[in-house]
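Below: start.txt (compact mmCIF, N, CA and C atoms)
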# COMPACT_ATOMS: atom_id res chain seq x y z
N MET A 1 65.27 -33.46 5.91
CA MET A 1 66.71 -33.39 6.09
C MET A 1 67.08 -34.02 7.43
N LEU A 2 68.19 -34.73 7.43
CA LEU A 2 68.67 -35.41 8.62
C LEU A 2 69.60 -34.49 9.40
N ASN A 3 69.29 -34.34 10.68
CA ASN A 3 70.14 -33.52 11.53
C ASN A 3 70.21 -34.13 12.92
N LYS A 4 71.09 -33.59 13.75
CA LYS A 4 71.32 -34.12 15.09
C LYS A 4 70.04 -34.12 15.92
N ASP A 5 69.27 -33.06 15.85
CA ASP A 5 68.04 -32.99 16.63
C ASP A 5 67.05 -34.08 16.22
N LYS A 6 66.95 -34.34 14.91
CA LYS A 6 66.04 -35.37 14.41
C LYS A 6 66.48 -36.76 14.87
N ILE A 7 67.79 -37.00 14.87
CA ILE A 7 68.33 -38.29 15.32
C ILE A 7 68.04 -38.49 16.81
N LEU A 8 68.28 -37.45 17.61
CA LEU A 8 68.00 -37.54 19.05
C LEU A 8 66.51 -37.76 19.31
N LYS A 9 65.68 -37.07 18.56
CA LYS A 9 64.24 -37.23 18.71
C LYS A 9 63.83 -38.66 18.37
N LEU A 10 64.36 -39.20 17.28
CA LEU A 10 64.05 -40.57 16.89
C LEU A 10 64.48 -41.54 17.98
N ALA A 11 65.67 -41.35 18.52
CA ALA A 11 66.19 -42.27 19.53
C ALA A 11 65.36 -42.27 20.81
N ASN A 12 64.65 -41.18 21.07
CA ASN A 12 63.95 -41.03 22.36
C ASN A 12 62.43 -40.94 22.26
N THR A 13 61.87 -41.21 21.09
CA THR A 13 60.42 -41.12 20.92
C THR A 13 59.79 -42.50 20.98
N ALA A 14 58.75 -42.60 21.78
CA ALA A 14 58.00 -43.85 21.90
C ALA A 14 56.74 -43.78 21.05
N MET A 15 56.29 -44.93 20.61
CA MET A 15 55.06 -45.03 19.83
C MET A 15 53.90 -44.62 20.74
N PRO A 16 53.10 -43.63 20.32
CA PRO A 16 52.05 -43.11 21.20
C PRO A 16 50.73 -43.88 21.16
N PHE A 17 50.58 -44.85 20.26
CA PHE A 17 49.30 -45.55 20.16
C PHE A 17 49.51 -46.96 19.59
N GLY A 18 48.46 -47.75 19.64
CA GLY A 18 48.45 -49.05 18.99
C GLY A 18 49.10 -50.17 19.76
N LYS A 19 49.28 -51.25 19.06
CA LYS A 19 49.81 -52.50 19.62
C LYS A 19 51.17 -52.31 20.30
N TYR A 20 51.98 -51.42 19.75
CA TYR A 20 53.34 -51.21 20.26
C TYR A 20 53.48 -49.90 21.03
N GLN A 21 52.37 -49.41 21.57
CA GLN A 21 52.39 -48.18 22.36
C GLN A 21 53.44 -48.27 23.46
N GLY A 22 54.25 -47.22 23.57
CA GLY A 22 55.27 -47.16 24.62
C GLY A 22 56.64 -47.66 24.18
N ARG A 23 56.71 -48.37 23.06
CA ARG A 23 58.01 -48.83 22.54
C ARG A 23 58.70 -47.72 21.78
N TYR A 24 60.02 -47.66 21.90
CA TYR A 24 60.77 -46.70 21.10
C TYR A 24 60.53 -47.00 19.63
N LEU A 25 60.47 -45.96 18.82
CA LEU A 25 60.20 -46.14 17.39
C LEU A 25 61.23 -47.05 16.74
N THR A 26 62.48 -46.98 17.15
CA THR A 26 63.50 -47.83 16.55
C THR A 26 63.42 -49.27 17.04
N ASP A 27 62.58 -49.54 18.04
CA ASP A 27 62.36 -50.90 18.51
C ASP A 27 61.11 -51.52 17.89
N LEU A 28 60.39 -50.77 17.09
CA LEU A 28 59.22 -51.32 16.42
C LEU A 28 59.66 -52.37 15.41
N PRO A 29 58.89 -53.44 15.26
CA PRO A 29 59.24 -54.44 14.25
C PRO A 29 59.25 -53.83 12.84
N GLU A 30 60.19 -54.27 12.05
CA GLU A 30 60.30 -53.76 10.68
C GLU A 30 59.00 -53.99 9.91
N GLU A 31 58.36 -55.14 10.15
CA GLU A 31 57.11 -55.45 9.45
C GLU A 31 56.02 -54.43 9.76
N TYR A 32 56.00 -53.96 10.99
CA TYR A 32 55.02 -52.96 11.42
C TYR A 32 55.26 -51.64 10.68
N LEU A 33 56.52 -51.24 10.58
CA LEU A 33 56.86 -50.01 9.86
C LEU A 33 56.57 -50.16 8.37
N LEU A 34 56.83 -51.35 7.82
CA LEU A 34 56.52 -51.60 6.41
C LEU A 34 55.02 -51.53 6.16
N TRP A 35 54.23 -51.97 7.13
CA TRP A 35 52.77 -51.90 7.02
C TRP A 35 52.36 -50.43 6.87
N PHE A 36 52.93 -49.56 7.69
CA PHE A 36 52.63 -48.14 7.59
C PHE A 36 53.13 -47.57 6.26
N ALA A 37 54.30 -48.02 5.82
CA ALA A 37 54.84 -47.54 4.54
C ALA A 37 53.88 -47.87 3.41
N ASP A 38 53.25 -49.01 3.50
CA ASP A 38 52.31 -49.45 2.47
C ASP A 38 50.98 -48.70 2.55
N ARG A 39 50.52 -48.41 3.76
CA ARG A 39 49.19 -47.82 3.94
C ARG A 39 49.21 -46.33 4.26
N GLY A 40 50.39 -45.82 4.56
CA GLY A 40 50.52 -44.40 4.87
C GLY A 40 50.92 -44.16 6.31
N PHE A 41 52.00 -43.43 6.49
CA PHE A 41 52.45 -43.06 7.83
C PHE A 41 51.55 -41.97 8.37
N PRO A 42 51.48 -41.84 9.70
CA PRO A 42 50.73 -40.72 10.27
C PRO A 42 51.30 -39.40 9.77
N ARG A 43 50.48 -38.38 9.77
CA ARG A 43 50.93 -37.04 9.36
C ARG A 43 51.82 -36.43 10.43
N GLY A 44 52.62 -35.49 9.99
CA GLY A 44 53.42 -34.71 10.92
C GLY A 44 54.71 -35.38 11.35
N GLU A 45 55.22 -34.90 12.46
CA GLU A 45 56.52 -35.34 12.94
C GLU A 45 56.56 -36.83 13.23
N LEU A 46 55.50 -37.38 13.81
CA LEU A 46 55.48 -38.81 14.11
C LEU A 46 55.70 -39.62 12.84
N GLY A 47 54.99 -39.30 11.79
CA GLY A 47 55.15 -40.02 10.53
C GLY A 47 56.55 -39.88 9.97
N GLU A 48 57.12 -38.69 10.07
CA GLU A 48 58.48 -38.48 9.59
C GLU A 48 59.47 -39.33 10.38
N LEU A 49 59.29 -39.37 11.70
CA LEU A 49 60.18 -40.17 12.54
C LEU A 49 60.01 -41.66 12.26
N MET A 50 58.78 -42.10 12.01
CA MET A 50 58.55 -43.51 11.69
C MET A 50 59.20 -43.87 10.36
N GLN A 51 59.15 -42.99 9.40
CA GLN A 51 59.82 -43.23 8.12
C GLN A 51 61.33 -43.33 8.32
N LEU A 52 61.87 -42.45 9.14
CA LEU A 52 63.29 -42.48 9.45
C LEU A 52 63.64 -43.78 10.19
N ALA A 53 62.78 -44.21 11.11
CA ALA A 53 63.00 -45.46 11.82
C ALA A 53 63.07 -46.63 10.85
N LEU A 54 62.24 -46.61 9.84
CA LEU A 54 62.26 -47.68 8.83
C LEU A 54 63.58 -47.67 8.08
N VAL A 55 64.06 -46.51 7.70
CA VAL A 55 65.36 -46.41 7.01
C VAL A 55 66.46 -46.94 7.92
N VAL A 56 66.44 -46.55 9.18
CA VAL A 56 67.45 -47.00 10.14
C VAL A 56 67.40 -48.52 10.25
N LYS A 57 66.21 -49.08 10.40
CA LYS A 57 66.05 -50.53 10.55
C LYS A 57 66.49 -51.28 9.31
N THR A 58 66.08 -50.84 8.14
CA THR A 58 66.41 -51.57 6.93
C THR A 58 67.91 -51.52 6.62
N ASN A 59 68.60 -50.59 7.24
CA ASN A 59 70.05 -50.50 7.07
C ASN A 59 70.82 -51.06 8.26
N GLY A 60 70.09 -51.64 9.23
CA GLY A 60 70.72 -52.28 10.38
C GLY A 60 71.45 -51.33 11.30
N LEU A 61 70.93 -50.12 11.46
CA LEU A 61 71.64 -49.10 12.25
C LEU A 61 71.00 -48.80 13.60
N GLU A 62 69.99 -49.56 14.01
CA GLU A 62 69.30 -49.21 15.25
C GLU A 62 70.21 -49.24 16.48
N ALA A 63 71.22 -50.10 16.50
CA ALA A 63 72.14 -50.16 17.64
C ALA A 63 72.92 -48.85 17.81
N VAL A 64 73.09 -48.11 16.74
CA VAL A 64 73.80 -46.83 16.80
C VAL A 64 73.01 -45.82 17.63
N LEU A 65 71.68 -45.95 17.63
CA LEU A 65 70.84 -44.99 18.35
C LEU A 65 70.65 -45.35 19.82
N HIS A 66 70.83 -46.59 20.20
CA HIS A 66 70.59 -46.99 21.59
C HIS A 66 71.38 -46.19 22.62
N PRO A 67 72.65 -45.87 22.36
CA PRO A 67 73.40 -45.07 23.36
C PRO A 67 72.85 -43.66 23.53
N LEU A 68 72.02 -43.20 22.64
CA LEU A 68 71.46 -41.84 22.73
C LEU A 68 70.25 -41.77 23.67
N ARG A 69 69.79 -42.92 24.11
CA ARG A 69 68.63 -42.96 25.01
C ARG A 69 69.07 -42.71 26.45
N PRO A 70 68.13 -42.24 27.27
CA PRO A 70 68.47 -42.05 28.70
C PRO A 70 68.67 -43.41 29.37
N GLU A 71 69.48 -43.41 30.40
CA GLU A 71 69.69 -44.64 31.18
C GLU A 71 68.41 -45.02 31.89
N PRO A 72 68.05 -46.32 31.90
CA PRO A 72 66.85 -46.74 32.64
C PRO A 72 67.02 -46.52 34.13
N ASP A 73 65.92 -46.27 34.82
CA ASP A 73 65.96 -46.03 36.27
C ASP A 73 66.25 -47.30 37.03
Write-out of the structure in structure tokens:
Amino acid sequence: MLNKDKILKLANTAMPFGKYQGRYLTDLPEEYLLWFADRGFPRGELGELMQLALVVKTNGLEAVLHPLRPEPD
């Protein structure tokens, strides 16, 4: 289920491993998320957020989440 907390978490969660480690999930390339969709997302909250990131990306909504991030130092 989609809720405010899940949206905020998605907007502020960085990829914890791999080639794109440190990038916000919504900044991951769509092809990378599609690769996971084909082979299986990680278990747990990370996988759920990555699936949500794919939905956001495929619908062109990532710019909506950018204002929810903290201001850079």
- Task: Would you mind listing what lies within 5 Å of Arg23 (chain A) as a ChimeraX atom specification, with all atoms listed in the file counted and same-chain residues fewer than 3 positions away left out?
- Result: /A:14-15,20
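For Leu54 (chain A), the set of protein, DNA and RNA residues having any atom at most 6.5 Å away, when counting all atoms listed in the file and skipping those fewer than 5 positions along the same chain, is Leu33, Leu49 and Asn59 of chain A.
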What separates atom N of Glu31 (chain A) and CA of Phe17 (chain A) is a distance of 16.6 Å
Between atom N of Leu10 (chain A) and CA of Ala37 (chain A) lies a distance of 18.0 Å
A straight line from atom C of Ala63 (chain A) to CA of Ala11 (chain A) spans 9.6 Å
Using DSSP on the backbone coordinates, identify the residues of chain A assigned to alpha helix (DSSP H); present them as a PDB file with N, CA and C atoms, keeping the file's coordinate frame.
ATOM      1  N   LYS A   4      71.090 -33.590  13.750  1.00  0.00           N
ATOM      2  CA  LYS A   4      71.320 -34.120  15.090  1.00  0.00           C
ATOM      3  C   LYS A   4      70.040 -34.120  15.920  1.00  0.00           C
ATOM      4  N   ASP A   5      69.270 -33.060  15.850  1.00  0.00           N
ATOM      5  CA  ASP A   5      68.040 -32.990  16.630  1.00  0.00           C
ATOM      6  C   ASP A   5      67.050 -34.080  16.220  1.00  0.00           C
ATOM      7  N   LYS A   6      66.950 -34.340  14.910  1.00  0.00           N
ATOM      8  CA  LYS A   6      66.040 -35.370  14.410  1.00  0.00           C
ATOM      9  C   LYS A   6      66.480 -36.760  14.870  1.00  0.00           C
ATOM     10  N   ILE A   7      67.790 -37.000  14.870  1.00  0.00           N
ATOM     11  CA  ILE A   7      68.330 -38.290  15.320  1.00  0.00           C
ATOM     12  C   ILE A   7      68.040 -38.490  16.810  1.00  0.00           C
ATOM     13  N   LEU A   8      68.280 -37.450  17.610  1.00  0.00           N
ATOM     14  CA  LEU A   8      68.000 -37.540  19.050  1.00  0.00           C
ATOM     15  C   LEU A   8      66.510 -37.760  19.310  1.00  0.00           C
ATOM     16  N   LYS A   9      65.680 -37.070  18.560  1.00  0.00           N
ATOM     17  CA  LYS A   9      64.240 -37.230  18.710  1.00  0.00           C
ATOM     18  C   LYS A   9      63.830 -38.660  18.370  1.00  0.00           C
ATOM     19  N   LEU A  10      64.360 -39.200  17.280  1.00  0.00           N
ATOM     20  CA  LEU A  10      64.050 -40.570  16.890  1.00  0.00           C
ATOM     21  C   LEU A  10      64.480 -41.540  17.980  1.00  0.00           C
ATOM     22  N   ALA A  11      65.670 -41.350  18.520  1.00  0.00           N
ATOM     23  CA  ALA A  11      66.190 -42.270  19.530  1.00  0.00           C
ATOM     24  C   ALA A  11      65.360 -42.270  20.810  1.00  0.00           C
ATOM     25  N   ASN A  12      64.650 -41.180  21.070  1.00  0.00           N
ATOM     26  CA  ASN A  12      63.950 -41.030  22.360  1.00  0.00           C
ATOM     27  C   ASN A  12      62.430 -40.940  22.260  1.00  0.00           C
ATOM     28  N   GLU A  30      60.190 -54.270  12.050  1.00  0.00           N
ATOM     29  CA  GLU A  30      60.300 -53.760  10.680  1.00  0.00           C
ATOM     30  C   GLU A  30      59.000 -53.990   9.910  1.00  0.00           C
ATOM     31  N   GLU A  31      58.360 -55.140  10.150  1.00  0.00           N
ATOM     32  CA  GLU A  31      57.110 -55.450   9.450  1.00  0.00           C
ATOM     33  C   GLU A  31      56.020 -54.430   9.760  1.00  0.00           C
ATOM     34  N   TYR A  32      56.000 -53.960  10.990  1.00  0.00           N
ATOM     35  CA  TYR A  32      55.020 -52.960  11.420  1.00  0.00           C
ATOM     36  C   TYR A  32      55.260 -51.640  10.680  1.00  0.00           C
ATOM     37  N   LEU A  33      56.520 -51.240  10.580  1.00  0.00           N
ATOM     38  CA  LEU A  33      56.860 -50.010   9.860  1.00  0.00           C
ATOM     39  C   LEU A  33      56.570 -50.160   8.370  1.00  0.00           C
ATOM     40  N   LEU A  34      56.830 -51.350   7.820  1.00  0.00           N
ATOM     41  CA  LEU A  34      56.520 -51.600   6.410  1.00  0.00           C
ATOM     42  C   LEU A  34      55.020 -51.530   6.160  1.00  0.00           C
ATOM     43  N   TRP A  35      54.230 -51.970   7.130  1.00  0.00           N
ATOM     44  CA  TRP A  35      52.770 -51.900   7.020  1.00  0.00           C
ATOM     45  C   TRP A  35      52.360 -50.430   6.870  1.00  0.00           C
ATOM     46  N   PHE A  36      52.930 -49.560   7.690  1.00  0.00           N
ATOM     47  CA  PHE A  36      52.630 -48.140   7.590  1.00  0.00           C
ATOM     48  C   PHE A  36      53.130 -47.570   6.260  1.00  0.00           C
ATOM     49  N   ALA A  37      54.300 -48.020   5.820  1.00  0.00           N
ATOM     50  CA  ALA A  37      54.840 -47.540   4.540  1.00  0.00           C
ATOM     51  C   ALA A  37      53.880 -47.870   3.410  1.00  0.00           C
ATOM     52  N   ASP A  38      53.250 -49.010   3.500  1.00  0.00           N
ATOM     53  CA  ASP A  38      52.310 -49.450   2.470  1.00  0.00           C
ATOM     54  C   ASP A  38      50.980 -48.700   2.550  1.00  0.00           C
ATOM     55  N   ARG A  39      50.520 -48.410   3.760  1.00  0.00           N
ATOM     56  CA  ARG A  39      49.190 -47.820   3.940  1.00  0.00           C
ATOM     57  C   ARG A  39      49.210 -46.330   4.260  1.00  0.00           C
ATOM     58  N   GLY A  44      52.620 -35.490   9.990  1.00  0.00           N
ATOM     59  CA  GLY A  44      53.420 -34.710  10.920  1.00  0.00           C
ATOM     60  C   GLY A  44      54.710 -35.380  11.350  1.00  0.00           C
ATOM     61  N   GLU A  45      55.220 -34.900  12.460  1.00  0.00           N
ATOM     62  CA  GLU A  45      56.520 -35.340  12.940  1.00  0.00           C
ATOM     63  C   GLU A  45      56.560 -36.830  13.230  1.00  0.00           C
ATOM     64  N   LEU A  46      55.500 -37.380  13.810  1.00  0.00           N
ATOM     65  CA  LEU A  46      55.480 -38.810  14.110  1.00  0.00           C
ATOM     66  C   LEU A  46      55.700 -39.620  12.840  1.00  0.00           C
ATOM     67  N   GLY A  47      54.990 -39.300  11.790  1.00  0.00           N
ATOM     68  CA  GLY A  47      55.150 -40.020  10.530  1.00  0.00           C
ATOM     69  C   GLY A  47      56.550 -39.880   9.970  1.00  0.00           C
ATOM     70  N   GLU A  48      57.120 -38.690  10.070  1.00  0.00           N
ATOM     71  CA  GLU A  48      58.480 -38.480   9.590  1.00  0.00           C
ATOM     72  C   GLU A  48      59.470 -39.330  10.380  1.00  0.00           C
ATOM     73  N   LEU A  49      59.290 -39.370  11.700  1.00  0.00           N
ATOM     74  CA  LEU A  49      60.180 -40.170  12.540  1.00  0.00           C
ATOM     75  C   LEU A  49      60.010 -41.660  12.260  1.00  0.00           C
ATOM     76  N   MET A  50      58.780 -42.100  12.010  1.00  0.00           N
ATOM     77  CA  MET A  50      58.550 -43.510  11.690  1.00  0.00           C
ATOM     78  C   MET A  50      59.200 -43.870  10.360  1.00  0.00           C
ATOM     79  N   GLN A  51      59.150 -42.990   9.400  1.00  0.00           N
ATOM     80  CA  GLN A  51      59.820 -43.230   8.120  1.00  0.00           C
ATOM     81  C   GLN A  51      61.330 -43.330   8.320  1.00  0.00           C
ATOM     82  N   LEU A  52      61.870 -42.450   9.140  1.00  0.00           N
ATOM     83  CA  LEU A  52      63.290 -42.480   9.450  1.00  0.00           C
ATOM     84  C   LEU A  52      63.640 -43.780  10.190  1.00  0.00           C
ATOM     85  N   ALA A  53      62.780 -44.210  11.110  1.00  0.00           N
ATOM     86  CA  ALA A  53      63.000 -45.460  11.820  1.00  0.00           C
ATOM     87  C   ALA A  53      63.070 -46.630  10.850  1.00  0.00           C
ATOM     88  N   LEU A  54      62.240 -46.610   9.840  1.00  0.00           N
ATOM     89  CA  LEU A  54      62.260 -47.680   8.830  1.00  0.00           C
ATOM     90  C   LEU A  54      63.580 -47.670   8.080  1.00  0.00           C
ATOM     91  N   VAL A  55      64.060 -46.510   7.700  1.00  0.00           N
ATOM     92  CA  VAL A  55      65.360 -46.410   7.010  1.00  0.00           C
ATOM     93  C   VAL A  55      66.460 -46.940   7.920  1.00  0.00           C
ATOM     94  N   VAL A  56      66.440 -46.550   9.180  1.00  0.00           N
ATOM     95  CA  VAL A  56      67.450 -47.000  10.140  1.00  0.00           C
ATOM     96  C   VAL A  56      67.400 -48.520  10.250  1.00  0.00           C
ATOM     97  N   LYS A  57      66.210 -49.080  10.400  1.00  0.00           N
ATOM     98  CA  LYS A  57      66.050 -50.530  10.550  1.00  0.00           C
ATOM     99  C   LYS A  57      66.490 -51.280   9.310  1.00  0.00           C
ATOM    100  N   THR A  58      66.080 -50.840   8.140  1.00  0.00           N
ATOM    101  CA  THR A  58      66.410 -51.570   6.930  1.00  0.00           C
ATOM    102  C   THR A  58      67.910 -51.520   6.620  1.00  0.00           C
ATOM    103  N   GLU A  62      69.990 -49.560  14.010  1.00  0.00           N
ATOM    104  CA  GLU A  62      69.300 -49.210  15.250  1.00  0.00           C
ATOM    105  C   GLU A  62      70.210 -49.240  16.480  1.00  0.00           C
ATOM    106  N   ALA A  63      71.220 -50.100  16.500  1.00  0.00           N
ATOM    107  CA  ALA A  63      72.140 -50.160  17.640  1.00  0.00           C
ATOM    108  C   ALA A  63      72.920 -48.850  17.810  1.00  0.00           C
ATOM    109  N   VAL A  64      73.090 -48.110  16.740  1.00  0.00           N
ATOM    110  CA  VAL A  64      73.800 -46.830  16.800  1.00  0.00           C
ATOM    111  C   VAL A  64      73.010 -45.820  17.630  1.00  0.00           C
ATOM    112  N   LEU A  65      71.680 -45.950  17.630  1.00  0.00           N
ATOM    113  CA  LEU A  65      70.840 -44.990  18.350  1.00  0.00           C
ATOM    114  C   LEU A  65      70.650 -45.350  19.820  1.00  0.00           C
TER     115      LEU A  65
END
For a cut-off of 6.5 Å around (60.0, -48.1, 10.1), file coordinates, pick out all residues using all atoms listed in the file and list them as a JSON list (two decimals) with N, CA and C atoms, keeping the file's coordinate frame.
[["chain", "number", "residue", "atom", "x", "y", "z"],
["A", 29, "PRO", "N", 58.89, -53.44, 15.26],
["A", 29, "PRO", "CA", 59.24, -54.44, 14.25],
["A", 29, "PRO", "C", 59.25, -53.83, 12.84],
["A", 30, "GLU", "N", 60.19, -54.27, 12.05],
["A", 30, "GLU", "CA", 60.30, -53.76, 10.68],
["A", 30, "GLU", "C", 59.00, -53.99, 9.91],
["A", 32, "TYR", "N", 56.00, -53.96, 10.99],
["A", 32, "TYR", "CA", 55.02, -52.96, 11.42],
["A", 32, "TYR", "C", 55.26, -51.64, 10.68],
["A", 33, "LEU", "N", 56.52, -51.24, 10.58],
["A", 33, "LEU", "CA", 56.86, -50.01, 9.86],
["A", 33, "LEU", "C", 56.57, -50.16, 8.37],
["A", 34, "LEU", "N", 56.83, -51.35, 7.82],
["A", 34, "LEU", "CA", 56.52, -51.60, 6.41],
["A", 34, "LEU", "C", 55.02, -51.53, 6.16],
["A", 50, "MET", "N", 58.78, -42.10, 12.01],
["A", 50, "MET", "CA", 58.55, -43.51, 11.69],
["A", 50, "MET", "C", 59.20, -43.87, 10.36],
["A", 51, "GLN", "N", 59.15, -42.99, 9.40],
["A", 51, "GLN", "CA", 59.82, -43.23, 8.12],
["A", 51, "GLN", "C", 61.33, -43.33, 8.32],
["A", 52, "LEU", "N", 61.87, -42.45, 9.14],
["A", 52, "LEU", "CA", 63.29, -42.48, 9.45],
["A", 52, "LEU", "C", 63.64, -43.78, 10.19],
["A", 53, "ALA", "N", 62.78, -44.21, 11.11],
["A", 53, "ALA", "CA", 63.00, -45.46, 11.82],
["A", 53, "ALA", "C", 63.07, -46.63, 10.85],
["A", 54, "LEU", "N", 62.24, -46.61, 9.84],
["A", 54, "LEU", "CA", 62.26, -47.68, 8.83],
["A", 54, "LEU", "C", 63.58, -47.67, 8.08],
["A", 55, "VAL", "N", 64.06, -46.51, 7.70],
["A", 55, "VAL", "CA", 65.36, -46.41, 7.01],
["A", 55, "VAL", "C", 66.46, -46.94, 7.92],
["A", 57, "LYS", "N", 66.21, -49.08, 10.40],
["A", 57, "LYS", "CA", 66.05, -50.53, 10.55],
["A", 57, "LYS", "C", 66.49, -51.28, 9.31]]
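Considering only N, CA and C atoms, the residue among A:Tyr24, A:Asn12, A:Lys4, A:Arg43 positioned nearest to Leu68 (chain A) is A:Asn12.
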